[in-house]
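First up is the structure itself, then whatever we jot down about it.
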Amino acid sequence: MKKLLLLGIVLMLMMTGCTKKEEKEEKKEETVEIPGDAGQLFLVKVETEGIGLVAAAKEGEALEFDEQMTSSSAYMNVPAGTVLKIGAKDSVDDYKFVRWTKDGKDYSTDQEITVTIEAPTDFIAVFGLSTGWDGPSASAIDEVKTMGDVLGLPVYSCGVYDDALVYVFELEGTVYRAIVDLTPEVSASLKEAFGDDEKFNEIVAPLEIGLIDNVTEAMPTQKELDRYVGKTGGDLLDGGWSITYYDLDQMEFGMEYGWFTYKVKFDGKIEYSDDLDAEAAIRDLKVSSVICDGVGSGVSDLLE
């Protein structure tokens, strides 16, 4: 494969954008216990992917967003049968609400949802980065011919190489990767324009797309992921998986492999410490579950 220079900011799990500097914001987290009937309590996580606000409340109560924050999350312990109202709200101009996922699967495109809790559940509000493009966008993938057809759609990543542009976007709930061949002159112009939305979009919009991959179709099935259950953390790490975050209370590790990110849970217990070596800590622990959590940085790599 040709040696390529990657410019761009890759979203995962951390969405970033095509022409924006990486934004690092602390999330405000709060744990709320909602009283109910005696019995088992289920943990409900409400989090964000990208930059935006989330809030949750008992049915009939108003959602309260902290306008002083750019990102937020909430953890709740609630009894079975609890009805919650959960909402998402844009907090900065560059990021727009795209959809909710529930336990790693697409759930709703409504910014406010009402749910009944019957098990531990993870809700994620996905916010996509806007490129500042105000032109029309394609409504179906067979309408996509040029970059101008996709610039107004939710962006996952954008990479400018010496001879190609790689652009990952979402259309009708499906994630695609577009590849555009570049001349050295156009590549140099795009690199120079990086950070200037108006100039960058002006150059990119008329470019014809040479190849489109369906990223969503490449996502592994749950049956395929279940084959990892019983393997050790060392097996994953030696196979090319990497850790992106961890929650030791739940023994849940965010991991990235290839095109996608995953939530991986391990049997056993690890104690928090300032000098924790997470990779060493999970090497001998066995995987108890794996679910796909989204698109990772590997999706920006060009095909060989």
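Lettering and numbering for the structure tokens are positional, with chains as A, B, ... in the shown order, residues counted from 1 in each chain, and ligands counted from 1 in the shown order.
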
Output as CSV one row per residue of stretch 154-208 of chain A within 12 Å of stretch 239-259 of chain A: the closest atom pair and its distance in Å to one decimal place, counting only C-alpha atoms, sorted by chain and residue number ascending.
```
residue,atom,partner,partner_atom,distance
A:Tyr156,CA,A:Trp259,CA,11.8
A:Ser157,CA,A:Trp259,CA,11.8
A:Val168,CA,A:Trp259,CA,11.2
A:Val175,CA,A:Trp259,CA,11.4
A:Tyr176,CA,A:Trp259,CA,11.6
A:Arg177,CA,A:Trp259,CA,10.8
```

TODO: Compile the contact shell of stretch 124-129 of chain A as a ChimeraX atom specification: residues with an atom at most 7 Å away, counting only C-alpha atoms, same-chain residues fewer than 3 positions apart removed.
DONE: /A:15-17,46-52,88,94-102,154-156

TODO: as a PyMOL selection string, please: all residues of stretch 114-260 of chain A that backbone DSSP puts in strand (DSSP E or B).
DONE: chain A and resi 114-116+121-129+146+155-160+164-171+174-181+208+211-214+232+242-247+252-257+260

- [ ] Measuring atom to atom with only C-alpha atoms, identify which of A:Asp106, A:Glu61, A:Asp134, A:Asp293 is nearest to A:Thr261.
- [x]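 Once distances to A:Thr261 are computed over only C-alpha atoms, the minimum belongs to A:Asp293.
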
TODO: Between atom CA of A:Glu170 and atom CA of A:Leu153, measure the distance and give it in Å to one decimal.
DONE: 6.3 Å

TODO: Would you kindly return, as a list of chain:residue names, each protein, DNA or RNA residue with an atom no farther than 9 Å from any atom of A:Glu172, considering only C-alpha atoms and excluding same-chain residues fewer than 5 positions away?
DONE: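 In the requested form, the answer reads A:Ser139, A:Ala140, A:Ile141.
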
Task: Length of the atom CA of A:Asp103 to atom CA of A:Asp122 vector [Å] - done: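 Between atom CA of A:Asp103 and atom CA of A:Asp122 the gap works out to 5.0 Å.
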
Open item on the list: Nearest residue to A:Lys286 out of A:Lys269, A:Lys89, A:Lys231, A:Lys263, using only C-alpha atoms?
Closed with: A:Lys231
